[in-house]
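Visitor: As input, take model-v3.pdb (PDB, C-alpha atoms):
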```
MODEL        1
ATOM      1  CA  MET A   1       0.000   0.000   0.000
ATOM      2  CA  GLN A   2       1.327   3.398  -0.962
ATOM      3  CA  THR A   3       2.041   5.897   1.754
ATOM      4  CA  PHE A   4       0.123   9.098   2.338
ATOM      5  CA  SER A   5       2.797  11.164   0.575
ATOM      6  CA  THR A   6       2.817   9.037  -2.575
ATOM      7  CA  ARG A   7      -0.915   8.661  -3.049
ATOM      8  CA  VAL A   8      -3.034  11.241  -1.240
ATOM      9  CA  LYS A   9      -0.593  14.104  -1.779
ATOM     10  CA  TRP A  10      -0.387  13.226  -5.452
ATOM     11  CA  ALA A  11      -4.189  13.412  -5.736
ATOM     12  CA  LEU A  12      -4.352  16.659  -3.773
ATOM     13  CA  GLY A  13      -1.638  18.116  -5.971
ATOM     14  CA  LEU A  14      -3.604  17.383  -9.156
ATOM     15  CA  ILE A  15      -6.797  18.846  -7.730
ATOM     16  CA  THR A  16      -4.976  21.966  -6.506
ATOM     17  CA  ALA A  17      -3.347  22.479  -9.899
ATOM     18  CA  VAL A  18      -6.683  22.322 -11.734
ATOM     19  CA  LEU A  19      -8.371  24.600  -9.156
ATOM     20  CA  THR A  20      -5.596  27.151  -9.571
ATOM     21  CA  LEU A  21      -5.663  26.993 -13.368
ATOM     22  CA  GLY A  22      -9.457  27.218 -13.460
ATOM     23  CA  THR A  23      -9.647  30.121 -11.010
ATOM     24  CA  VAL A  24      -7.109  32.145 -12.989
ATOM     25  CA  GLY A  25      -8.898  31.282 -16.247
ATOM     26  CA  PHE A  26     -12.366  32.273 -15.072
ATOM     27  CA  HIS A  27     -10.976  35.478 -13.554
ATOM     28  CA  GLN A  28      -9.283  36.508 -16.796
ATOM     29  CA  ILE A  29     -11.775  35.235 -19.362
ATOM     30  CA  TYR A  30     -15.087  35.864 -17.569
ATOM     31  CA  HIS A  31     -13.827  39.034 -15.868
ATOM     32  CA  VAL A  32     -15.179  38.089 -12.432
ATOM     33  CA  ASN A  33     -13.579  38.549  -9.021
ATOM     34  CA  TRP A  34     -11.298  35.841  -7.595
ATOM     35  CA  LEU A  35     -13.851  34.395  -5.180
ATOM     36  CA  LEU A  36     -16.497  33.990  -7.888
ATOM     37  CA  ALA A  37     -13.880  32.530 -10.235
ATOM     38  CA  PHE A  38     -12.962  29.968  -7.599
ATOM     39  CA  TYR A  39     -16.676  29.117  -7.186
ATOM     40  CA  PHE A  40     -17.037  28.630 -10.957
ATOM     41  CA  ILE A  41     -14.206  26.077 -11.130
ATOM     42  CA  ILE A  42     -15.617  24.219  -8.126
ATOM     43  CA  ALA A  43     -19.037  24.130  -9.823
ATOM     44  CA  ILE A  44     -17.538  22.843 -13.088
ATOM     45  CA  MET A  45     -15.474  20.115 -11.397
ATOM     46  CA  SER A  46     -18.396  18.909  -9.282
ATOM     47  CA  THR A  47     -20.788  19.023 -12.299
ATOM     48  CA  VAL A  48     -23.053  21.686 -10.719
ATOM     49  CA  SER A  49     -24.818  23.834 -13.305
ATOM     50  CA  ASP A  50     -24.875  27.633 -13.012
ATOM     51  CA  SER A  51     -26.250  29.980 -15.682
ATOM     52  CA  ARG A  52     -23.436  32.431 -15.044
ATOM     53  CA  ILE A  53     -20.944  29.884 -16.410
ATOM     54  CA  THR A  54     -22.728  29.688 -19.781
ATOM     55  CA  PRO A  55     -20.079  30.543 -22.406
ATOM     56  CA  HIS A  56     -20.427  33.567 -24.682
ATOM     57  CA  GLY A  57     -17.998  33.571 -27.508
ATOM     58  CA  THR A  58     -15.414  31.140 -28.828
ATOM     59  CA  LEU A  59     -12.782  31.729 -26.129
ATOM     60  CA  GLN A  60     -15.160  31.031 -23.244
ATOM     61  CA  LEU A  61     -16.592  28.007 -25.098
ATOM     62  CA  VAL A  62     -13.153  26.436 -25.647
ATOM     63  CA  PHE A  63     -12.045  27.254 -22.112
ATOM     64  CA  ASN A  64     -15.206  25.685 -20.618
ATOM     65  CA  ALA A  65     -14.803  22.547 -22.728
ATOM     66  CA  ILE A  66     -11.181  22.088 -21.614
ATOM     67  CA  ILE A  67     -12.004  22.731 -17.958
ATOM     68  CA  ILE A  68     -14.974  20.310 -18.042
ATOM     69  CA  ILE A  69     -12.852  17.521 -19.516
ATOM     70  CA  ILE A  70      -9.768  18.045 -17.374
ATOM     71  CA  GLY A  71     -11.445  19.285 -14.195
ATOM     72  CA  THR A  72     -14.104  16.595 -13.956
ATOM     73  CA  GLY A  73     -11.584  13.865 -14.758
ATOM     74  CA  VAL A  74      -9.059  15.075 -12.185
ATOM     75  CA  TRP A  75     -11.791  15.543  -9.576
ATOM     76  CA  ILE A  76     -13.102  11.993  -9.973
ATOM     77  CA  PHE A  77      -9.619  10.483 -10.254
ATOM     78  CA  GLY A  78      -8.286  12.421  -7.264
ATOM     79  CA  LEU A  79     -11.209  11.599  -5.025
ATOM     80  CA  SER A  80     -10.998   7.910  -5.983
ATOM     81  CA  LEU A  81      -7.311   7.862  -4.980
ATOM     82  CA  ILE A  82      -8.063   9.481  -1.647
ATOM     83  CA  VAL A  83     -11.052   7.215  -0.902
ATOM     84  CA  SER A  84      -9.162   4.051  -1.918
ATOM     85  CA  TYR A  85      -6.255   5.020   0.344
ATOM     86  CA  PHE A  86      -8.459   5.352   3.401
ATOM     87  CA  LEU A  87     -10.400   2.190   2.528
ATOM     88  CA  GLU A  88      -7.155   0.238   2.251
ATOM     89  CA  SER A  89      -5.961   1.749   5.511
ATOM     90  CA  ASP A  90      -9.128   0.576   7.254
ATOM     91  CA  LEU A  91      -8.826  -2.848   5.622
ATOM     92  CA  GLY A  92      -5.182  -3.123   6.691
ATOM     93  CA  HIS A  93      -6.149  -2.204  10.250
ATOM     94  CA  PHE A  94      -8.880  -4.855  10.182
ATOM     95  CA  LYS A  95      -6.409  -7.504   8.963
ATOM     96  CA  GLU A  96      -3.963  -6.478  11.686
ATOM     97  CA  ARG A  97      -6.617  -6.813  14.385
ATOM     98  CA  ARG A  98      -7.737 -10.193  13.053
ATOM     99  CA  THR A  99      -4.135 -11.454  13.002
ATOM    100  CA  MET A 100      -3.602 -10.241  16.575
ATOM    101  CA  ARG A 101      -6.725 -12.060  17.781
ATOM    102  CA  GLU A 102      -5.483 -15.210  16.066
ATOM    103  CA  ILE A 103      -2.077 -14.895  17.741
ATOM    104  CA  GLU A 104      -3.617 -14.322  21.176
ATOM    105  CA  ARG A 105      -5.140 -17.818  20.953
ATOM    106  CA  MET A 106      -1.826 -19.490  20.068
ATOM    107  CA  ILE A 107      -0.122 -21.893  22.485
ATOM    108  CA  ASN A 108       3.206 -23.724  21.990
ATOM    109  CA  HIS A 109       3.791 -21.832  18.759
ATOM    110  CA  PHE A 110       7.039 -20.648  17.226
ATOM    111  CA  VAL A 111       7.934 -16.976  16.765
ATOM    112  CA  ILE A 112      10.192 -15.909  13.909
ATOM    113  CA  ILE A 113      11.939 -12.558  14.063
ATOM    114  CA  GLY A 114      12.709 -11.470  10.512
ATOM    115  CA  ALA A 115      10.544 -11.771   7.394
ATOM    116  CA  GLY A 116      13.355 -12.062   4.860
ATOM    117  CA  ARG A 117      14.124 -15.146   2.786
ATOM    118  CA  VAL A 118      15.583 -17.000   5.772
ATOM    119  CA  GLY A 119      12.656 -16.165   8.053
ATOM    120  CA  GLU A 120      10.087 -17.122   5.436
ATOM    121  CA  SER A 121      11.902 -20.401   4.751
ATOM    122  CA  ILE A 122      11.880 -21.226   8.483
ATOM    123  CA  ALA A 123       8.172 -20.455   8.710
ATOM    124  CA  ARG A 124       7.219 -22.614   5.726
ATOM    125  CA  GLU A 125       9.307 -25.527   6.956
ATOM    126  CA  LEU A 126       7.660 -25.358  10.395
ATOM    127  CA  VAL A 127       4.191 -25.163   8.843
ATOM    128  CA  ASP A 128       5.007 -28.224   6.711
ATOM    129  CA  LEU A 129       5.942 -29.997   9.943
ATOM    130  CA  GLY A 130       2.512 -29.166  11.358
ATOM    131  CA  GLU A 131       3.635 -26.365  13.673
ATOM    132  CA  THR A 132       2.027 -22.969  14.308
ATOM    133  CA  VAL A 133       4.130 -19.893  13.574
ATOM    134  CA  VAL A 134       3.966 -16.101  13.655
ATOM    135  CA  ILE A 135       6.460 -13.777  11.970
ATOM    136  CA  LEU A 136       7.547 -10.354  13.245
ATOM    137  CA  ASP A 137       9.496  -7.766  11.260
ATOM    138  CA  PRO A 138       9.900  -3.957  11.349
ATOM    139  CA  ASP A 139       9.537  -3.739   7.548
ATOM    140  CA  PRO A 140       5.824  -3.384   6.594
ATOM    141  CA  THR A 141       6.525  -4.304   2.953
ATOM    142  CA  ARG A 142       7.959  -7.675   3.959
ATOM    143  CA  ILE A 143       5.115  -8.297   6.379
ATOM    144  CA  GLU A 144       2.523  -7.536   3.705
ATOM    145  CA  ARG A 145       4.227 -10.012   1.359
ATOM    146  CA  ILE A 146       4.338 -12.717   4.020
ATOM    147  CA  ARG A 147       0.742 -12.081   5.055
ATOM    148  CA  SER A 148      -0.474 -12.261   1.450
ATOM    149  CA  SER A 149       0.973 -15.782   1.271
ATOM    150  CA  GLY A 150      -1.250 -16.889   4.159
ATOM    151  CA  LEU A 151       1.194 -16.795   7.061
ATOM    152  CA  PRO A 152       0.349 -14.788  10.216
ATOM    153  CA  ALA A 153       2.682 -11.817  10.477
ATOM    154  CA  LEU A 154       2.845  -8.496  12.300
ATOM    155  CA  THR A 155       4.799  -5.284  11.796
ATOM    156  CA  ILE A 156       6.697  -4.237  14.922
ATOM    157  CA  ASN A 157       8.350  -0.976  15.914
ATOM    158  CA  GLY A 158      11.669  -2.108  17.343
ATOM    159  CA  PHE A 159      12.469  -5.109  19.522
ATOM    160  CA  ASN A 160      11.335  -3.997  22.958
ATOM    161  CA  ALA A 161       9.022  -5.988  25.213
ATOM    162  CA  ASP A 162       5.857  -4.300  23.967
ATOM    163  CA  ALA A 163       6.712  -5.162  20.367
ATOM    164  CA  LEU A 164       7.687  -8.793  20.953
ATOM    165  CA  ASN A 165       4.729  -9.376  23.271
ATOM    166  CA  LEU A 166       2.486  -8.983  20.220
ATOM    167  CA  ALA A 167       3.552 -12.521  19.309
ATOM    168  CA  HIS A 168       2.244 -13.892  22.642
ATOM    169  CA  LEU A 169       5.757 -14.945  23.649
ATOM    170  CA  VAL A 170       4.695 -16.029  27.136
ATOM    171  CA  LYS A 171       2.905 -19.023  25.578
ATOM    172  CA  ALA A 172       5.400 -19.667  22.772
ATOM    173  CA  ARG A 173       7.497 -22.810  22.500
ATOM    174  CA  GLY A 174      10.466 -21.323  20.734
ATOM    175  CA  ILE A 175      11.838 -18.385  18.777
ATOM    176  CA  ALA A 176      14.026 -18.123  15.677
ATOM    177  CA  LEU A 177      16.180 -15.013  15.259
ATOM    178  CA  ALA A 178      16.487 -14.646  11.479
ATOM    179  CA  LEU A 179      17.429 -10.986  11.099
ATOM    180  CA  PRO A 180      20.480 -10.213   8.916
ATOM    181  CA  ASP A 181      21.871  -7.886  11.606
ATOM    182  CA  ASP A 182      23.645  -9.578  14.537
ATOM    183  CA  ALA A 183      23.074  -6.637  16.884
ATOM    184  CA  GLN A 184      19.324  -6.725  16.237
ATOM    185  CA  ASN A 185      19.261 -10.485  16.800
ATOM    186  CA  LEU A 186      21.076 -10.002  20.083
ATOM    187  CA  TYR A 187      18.693  -7.280  21.260
ATOM    188  CA  ALA A 188      15.653  -9.334  20.249
ATOM    189  CA  TYR A 189      17.078 -12.365  22.071
ATOM    190  CA  LEU A 190      17.651 -10.492  25.340
ATOM    191  CA  THR A 191      14.124  -9.076  25.216
ATOM    192  CA  ALA A 192      12.581 -12.460  24.416
ATOM    193  CA  ARG A 193      14.452 -14.207  27.236
ATOM    194  CA  ASP A 194      13.254 -11.552  29.661
ATOM    195  CA  ILE A 195       9.652 -12.195  28.606
ATOM    196  CA  ASN A 196       9.894 -16.000  28.598
ATOM    197  CA  PRO A 197      13.054 -17.552  30.109
ATOM    198  CA  HIS A 198      11.997 -21.045  28.996
ATOM    199  CA  LEU A 199      11.939 -20.330  25.263
ATOM    200  CA  GLN A 200      13.918 -22.579  22.965
ATOM    201  CA  VAL A 201      16.038 -20.157  20.922
ATOM    202  CA  VAL A 202      17.817 -20.630  17.595
ATOM    203  CA  ALA A 203      19.605 -17.837  15.760
ATOM    204  CA  ARG A 204      21.520 -17.007  12.632
ATOM    205  CA  ALA A 205      24.800 -15.146  12.898
ATOM    206  CA  GLN A 206      26.981 -13.431  10.344
ATOM    207  CA  THR A 207      30.328 -13.921  12.106
ATOM    208  CA  GLN A 208      31.858 -16.475  14.437
ATOM    209  CA  GLU A 209      32.449 -13.705  16.965
ATOM    210  CA  SER A 210      28.723 -12.920  17.058
ATOM    211  CA  ALA A 211      27.929 -16.616  17.331
ATOM    212  CA  HIS A 212      30.316 -16.851  20.293
ATOM    213  CA  TYR A 213      28.562 -14.002  22.134
ATOM    214  CA  LEU A 214      25.100 -15.382  21.408
ATOM    215  CA  LYS A 215      26.150 -18.824  22.645
ATOM    216  CA  ASN A 216      27.617 -17.395  25.853
ATOM    217  CA  LEU A 217      24.389 -15.499  26.505
ATOM    218  CA  GLY A 218      22.363 -18.688  26.304
ATOM    219  CA  VAL A 219      21.130 -19.098  22.720
ATOM    220  CA  ASP A 220      20.452 -22.815  22.345
ATOM    221  CA  ARG A 221      21.580 -23.298  18.748
ATOM    222  CA  ILE A 222      23.276 -21.001  16.259
ATOM    223  CA  ILE A 223      23.842 -21.267  12.523
ATOM    224  CA  LEU A 224      26.272 -19.321  10.359
ATOM    225  CA  PRO A 225      24.750 -19.504   6.848
ATOM    226  CA  ASP A 226      27.846 -18.394   4.933
ATOM    227  CA  LEU A 227      30.124 -20.820   6.780
ATOM    228  CA  ILE A 228      27.765 -23.778   6.386
ATOM    229  CA  THR A 229      27.190 -23.045   2.694
ATOM    230  CA  GLY A 230      30.930 -22.952   2.089
ATOM    231  CA  ARG A 231      31.474 -26.252   3.908
ATOM    232  CA  ARG A 232      28.676 -27.984   2.023
ATOM    233  CA  LEU A 233      29.917 -26.810  -1.354
ATOM    234  CA  ALA A 234      33.436 -27.983  -0.508
ATOM    235  CA  ARG A 235      32.166 -31.410   0.602
ATOM    236  CA  MET A 236      30.016 -31.719  -2.519
ATOM    237  CA  LEU A 237      33.254 -31.436  -4.484
ATOM    238  CA  ALA A 238      35.454 -33.610  -2.271
ATOM    239  CA  LYS A 239      32.939 -36.189  -0.966
ATOM    240  CA  PRO A 240      29.862 -36.017  -3.225
ATOM    241  CA  VAL A 241      28.267 -39.357  -2.275
ATOM    242  CA  ALA A 242      28.527 -38.764   1.472
ATOM    243  CA  GLN A 243      27.159 -35.261   1.016
ATOM    244  CA  ASP A 244      24.239 -36.585  -1.038
ATOM    245  CA  LEU A 245      23.395 -38.893   1.868
ATOM    246  CA  LEU A 246      23.506 -36.017   4.349
ATOM    247  CA  MET A 247      21.354 -33.845   2.076
ATOM    248  CA  ALA A 248      18.837 -36.680   1.749
ATOM    249  CA  LEU A 249      18.626 -36.851   5.528
ATOM    250  CA  LEU A 250      18.272 -33.087   5.888
ATOM    251  CA  ASN A 251      15.691 -32.758   3.115
ATOM    252  CA  GLU A 252      13.928 -36.030   3.980
ATOM    253  CA  GLU A 253      14.243 -37.251   0.399
ATOM    254  CA  GLY A 254      13.184 -40.885   0.711
ATOM    255  CA  VAL A 255      13.855 -40.872   4.444
ATOM    256  CA  HIS A 256      11.965 -39.578   7.456
ATOM    257  CA  VAL A 257      13.783 -38.254  10.506
ATOM    258  CA  GLN A 258      11.872 -38.430  13.784
ATOM    259  CA  GLU A 259      12.782 -36.867  17.117
ATOM    260  CA  ILE A 260      10.988 -38.602  19.982
ATOM    261  CA  TYR A 261      11.084 -37.534  23.601
ATOM    262  CA  VAL A 262      10.859 -40.723  25.676
ATOM    263  CA  ASN A 263       8.176 -40.795  28.377
ATOM    264  CA  ASP A 264       7.553 -43.476  30.988
ATOM    265  CA  TYR A 265       4.815 -45.069  28.883
ATOM    266  CA  ASP A 266       6.743 -45.178  25.575
ATOM    267  CA  PRO A 267       7.519 -48.708  24.342
ATOM    268  CA  ILE A 268      11.222 -47.860  24.026
ATOM    269  CA  ALA A 269      11.484 -46.683  27.659
ATOM    270  CA  ASN A 270      13.994 -48.778  29.645
ATOM    271  CA  GLN A 271      14.748 -50.892  26.563
ATOM    272  CA  PRO A 272      18.154 -51.524  24.938
ATOM    273  CA  VAL A 273      18.986 -49.949  21.592
ATOM    274  CA  GLN A 274      19.021 -53.384  19.952
ATOM    275  CA  ASN A 275      15.231 -53.617  20.435
ATOM    276  CA  ILE A 276      14.501 -50.505  18.342
ATOM    277  CA  ARG A 277      13.566 -52.408  15.186
ATOM    278  CA  ASP A 278      11.447 -54.904  17.094
ATOM    279  CA  ILE A 279       9.449 -51.970  18.466
ATOM    280  CA  TYR A 280       9.290 -49.557  15.506
ATOM    281  CA  GLY A 281       9.860 -51.843  12.513
ATOM    282  CA  GLU A 282      12.700 -53.135  10.383
ATOM    283  CA  ALA A 283      12.884 -49.944   8.297
ATOM    284  CA  VAL A 284      13.748 -47.812  11.349
ATOM    285  CA  THR A 285      17.295 -47.070  12.484
ATOM    286  CA  LEU A 286      18.363 -45.219  15.627
ATOM    287  CA  ILE A 287      21.260 -42.937  14.725
ATOM    288  CA  GLY A 288      21.668 -41.267  18.092
ATOM    289  CA  TYR A 289      20.046 -40.146  21.317
ATOM    290  CA  TRP A 290      20.286 -37.358  23.884
ATOM    291  CA  HIS A 291      20.910 -38.397  27.447
ATOM    292  CA  GLU A 292      21.434 -35.881  30.269
ATOM    293  CA  GLY A 293      22.344 -33.103  27.837
ATOM    294  CA  LYS A 294      24.825 -35.158  25.825
ATOM    295  CA  LEU A 295      24.405 -36.501  22.284
ATOM    296  CA  HIS A 296      25.352 -40.159  21.819
ATOM    297  CA  MET A 297      26.008 -40.972  18.171
ATOM    298  CA  ALA A 298      26.251 -44.558  16.891
ATOM    299  CA  PRO A 299      24.969 -45.990  20.190
ATOM    300  CA  ARG A 300      25.892 -49.477  21.293
ATOM    301  CA  ALA A 301      23.332 -52.268  21.085
ATOM    302  CA  GLN A 302      23.257 -52.711  24.851
ATOM    303  CA  ASP A 303      22.746 -49.006  25.676
ATOM    304  CA  ILE A 304      19.505 -48.504  27.615
ATOM    305  CA  ILE A 305      17.055 -45.782  26.574
ATOM    306  CA  VAL A 306      15.457 -44.286  29.685
ATOM    307  CA  PRO A 307      12.587 -41.803  30.213
ATOM    308  CA  GLY A 308      13.825 -38.268  29.626
ATOM    309  CA  ASP A 309      16.050 -39.260  26.692
ATOM    310  CA  THR A 310      15.387 -38.011  23.173
ATOM    311  CA  VAL A 311      15.915 -40.551  20.398
ATOM    312  CA  ILE A 312      16.598 -39.701  16.749
ATOM    313  CA  LEU A 313      15.143 -42.274  14.377
ATOM    314  CA  VAL A 314      15.520 -42.556  10.609
ATOM    315  CA  GLN A 315      12.999 -44.449   8.522
ATOM    316  CA  VAL A 316      13.759 -45.246   4.883
ATOM    317  CA  ASP A 317      10.891 -45.523   2.427
ATOM    318  CA  GLU A 318      10.518 -49.007   1.037
ATOM    319  CA  THR A 319      10.677 -49.055  -2.762
TER     320      THR A 319
ENDMDL
END
```
Could you express the structure from this file as structure tokens?
Guide:
Amino acid sequence: MQTFSTRVKWALGLITAVLTLGTVGFHQIYHVNWLLAFYFIIAIMSTVSDSRITPHGTLQLVFNAIIIIIGTGVWIFGLSLIVSYFLESDLGHFKERRTMREIERMINHFVIIGAGRVGESIARELVDLGETVVILDPDPTRIERIRSSGLPALTINGFNADALNLAHLVKARGIALALPDDAQNLYAYLTARDINPHLQVVARAQTQESAHYLKNLGVDRIILPDLITGRRLARMLAKPVAQDLLMALLNEEGVHVQEIYVNDYDPIANQPVQNIRDIYGEAVTLIGYWHEGKLHMAPRAQDIIVPGDTVILVQVDET
């Protein structure tokens, strides 16, 4: 939506120009005072008839014809621009209120700070996984684009508590900091942690130094897009088959990766790793599990999975 200066002021400028031209013309050609000349141009533009405007002579006839064509057209066009601006403003406000009511009902959702390509990609991936998301960004153009694609999004003014609270952070499950500016990500993180200390937080960082600071402050997981892209491209050249396998796992191409938190009633609880396939099927492989904050890769067959662990299972589609 165009701003006030680019739409309404443009319309007002056109109308003012025609009013000025018409007033001067009626004053000079009809030989009337300035106030009556101004009234005549208003009457012409608003299609109000007045016998005093009846042309006498060729000059007045031509002038009236030009003013009727230009004045009426500009009047209608200008008013339509002004009315459409305010209608769109009201509609945008209605959409904003509806989105806010929708967010207020969210529980265990994910909040994404940043509506750029990275933020949008995170949101779509989470939605594909069946999760609920809301996106926040200070850029209204980005928010409008995201919202038009069907994702809930809100424009925020800064990263203070009032702004981030619009996403109902107190009931959120986690937050992704996807802004391209490390300082903004850091500020948003500190504010979010103050609102909800139990949030799971992931962040992007531009430099290893920024990643170090974010990690020390308590960000759970951090990704450096440029570094990871460089590593993957290098491995695609040096170890293409191994990298294809990793990409298949990441993109779930023919495989399905599951992350299961083990409760007391789960069938795998208090069972050795070697029983995984008996419980979940022959196509399932356990590639690792979290136990007391530590990741165990390539677990031994006799390792016992206990309640509170998180197991990572891979299932390959049968072809």
Visitor: Sorted by chain and rising residue number, which residues of region 189-215 of chain A lie within 10 Å of region 100-124 of chain A, and what are their closest atom pairs and distances in Å to one decimal, counting all atoms listed in the file, as JSON lines?
Guide:
```
{"residue": "A:Tyr189", "atom": "CA", "partner": "A:Ile113", "partner_atom": "CA", "distance": 9.5}
{"residue": "A:Leu199", "atom": "CA", "partner": "A:Phe110", "partner_atom": "CA", "distance": 9.4}
{"residue": "A:Gln200", "atom": "CA", "partner": "A:Phe110", "partner_atom": "CA", "distance": 9.2}
{"residue": "A:Val201", "atom": "CA", "partner": "A:Val111", "partner_atom": "CA", "distance": 9.6}
{"residue": "A:Val202", "atom": "CA", "partner": "A:Ile112", "partner_atom": "CA", "distance": 9.7}
{"residue": "A:Ala203", "atom": "CA", "partner": "A:Ile113", "partner_atom": "CA", "distance": 9.5}
{"residue": "A:Arg204", "atom": "CA", "partner": "A:Val118", "partner_atom": "CA", "distance": 9.1}
```
Visitor: Residues picked by the PyMOL selection byres ((chain A and resi 288) around 7) here, as a list in words?
Guide: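 Applying the expression gives Leu286, Ile287, Tyr289, Leu295, His296, Met297, Ala298, Pro299, Val311 and Ile312 of chain A.
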Visitor: Could you dump the residues just selected with C-alpha atoms as a CSV table (one decimal), keeping the file's coordinate frame?
Guide:
```
chain,number,residue,atom,x,y,z
A,286,LEU,CA,18.4,-45.2,15.6
A,287,ILE,CA,21.3,-42.9,14.7
A,289,TYR,CA,20.0,-40.1,21.3
A,295,LEU,CA,24.4,-36.5,22.3
A,296,HIS,CA,25.4,-40.2,21.8
A,297,MET,CA,26.0,-41.0,18.2
A,298,ALA,CA,26.3,-44.6,16.9
A,299,PRO,CA,25.0,-46.0,20.2
A,311,VAL,CA,15.9,-40.6,20.4
A,312,ILE,CA,16.6,-39.7,16.7
```
Visitor: Applied to the shown file, which residues does the PyMOL selection byres ((chain A and resi 213) around 12) return, written as a list in words?
Guide: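 So the PyMOL selection byres ((chain A and resi 213) around 12), applied here, picks out Asp182, Ala183, Asn185, Leu186, Tyr187, Tyr189, Leu190, Ala203, Ala205, Gln206, Thr207, Gln208, Glu209, Ser210, Ala211, His212, Leu214, Lys215, Asn216, Leu217, Gly218, Val219, Asp220 and Ile222 of chain A.
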Visitor: Suppose a student applies the PyMOL selection byres ((chain A and resi 142) around 10) to this structure; what residues should they get, written as a PDB file with C-alpha atoms, keeping the file's coordinate frame?
Guide:
```pdb
ATOM      1  CA  GLY A 114      12.709 -11.470  10.512  1.00  0.00           C
ATOM      2  CA  ALA A 115      10.544 -11.771   7.394  1.00  0.00           C
ATOM      3  CA  GLY A 116      13.355 -12.062   4.860  1.00  0.00           C
ATOM      4  CA  ARG A 117      14.124 -15.146   2.786  1.00  0.00           C
ATOM      5  CA  GLU A 120      10.087 -17.122   5.436  1.00  0.00           C
ATOM      6  CA  LEU A 136       7.547 -10.354  13.245  1.00  0.00           C
ATOM      7  CA  ASP A 137       9.496  -7.766  11.260  1.00  0.00           C
ATOM      8  CA  PRO A 138       9.900  -3.957  11.349  1.00  0.00           C
ATOM      9  CA  ASP A 139       9.537  -3.739   7.548  1.00  0.00           C
ATOM     10  CA  PRO A 140       5.824  -3.384   6.594  1.00  0.00           C
ATOM     11  CA  THR A 141       6.525  -4.304   2.953  1.00  0.00           C
ATOM     12  CA  ILE A 143       5.115  -8.297   6.379  1.00  0.00           C
ATOM     13  CA  GLU A 144       2.523  -7.536   3.705  1.00  0.00           C
ATOM     14  CA  ARG A 145       4.227 -10.012   1.359  1.00  0.00           C
ATOM     15  CA  ILE A 146       4.338 -12.717   4.020  1.00  0.00           C
ATOM     16  CA  ARG A 147       0.742 -12.081   5.055  1.00  0.00           C
ATOM     17  CA  SER A 148      -0.474 -12.261   1.450  1.00  0.00           C
ATOM     18  CA  ALA A 153       2.682 -11.817  10.477  1.00  0.00           C
ATOM     19  CA  LEU A 154       2.845  -8.496  12.300  1.00  0.00           C
ATOM     20  CA  THR A 155       4.799  -5.284  11.796  1.00  0.00           C
TER      21      THR A 155
END
```
Visitor: Report, in Å with one decimal, the straight-line distance from CA of Val314 (chain A) to CA of Tyr261 (chain A).
Guide: 14.6 Å
Visitor: Considering all atoms listed in the file, can you say which of A:Ile41, A:Arg232, A:Ile29, A:Phe77 comes closest to His56 (chain A)?
Guide: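 So, comparing all the options, the nearest one is A:Ile29.
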Visitor: Could you check how far CA of Asn275 (chain A) sits from CA of His256 (chain A), in Å to one decimal?
Guide: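 Interatomic distance, CA of Asn275 (chain A) to CA of His256 (chain A): 19.4 Å.
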Visitor: How many Å separate CA of Leu59 (chain A) from CA of Ser46 (chain A)?
Guide: 21.9 Å
Visitor: Please report, as AutoDock Vina command-line options, the centre and edge lengths in Å to one decimal of an axis-aligned box covering all listed atoms of region 190-199 of chain A with 3 Å per side.
Guide:
```
--center_x 13.7 --center_y -15.1 --center_z 27.3 --size_x 14.0 --size_y 18.0 --size_z 11.7
```
Visitor: May I ask which of the residues A:Gln302, A:Thr23, A:Gln28, A:Asn157 is the closest one to Pro272 (chain A), counting all atoms listed in the file?
Guide: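 The answer is A:Gln302, which sits nearest to Pro272 (chain A).
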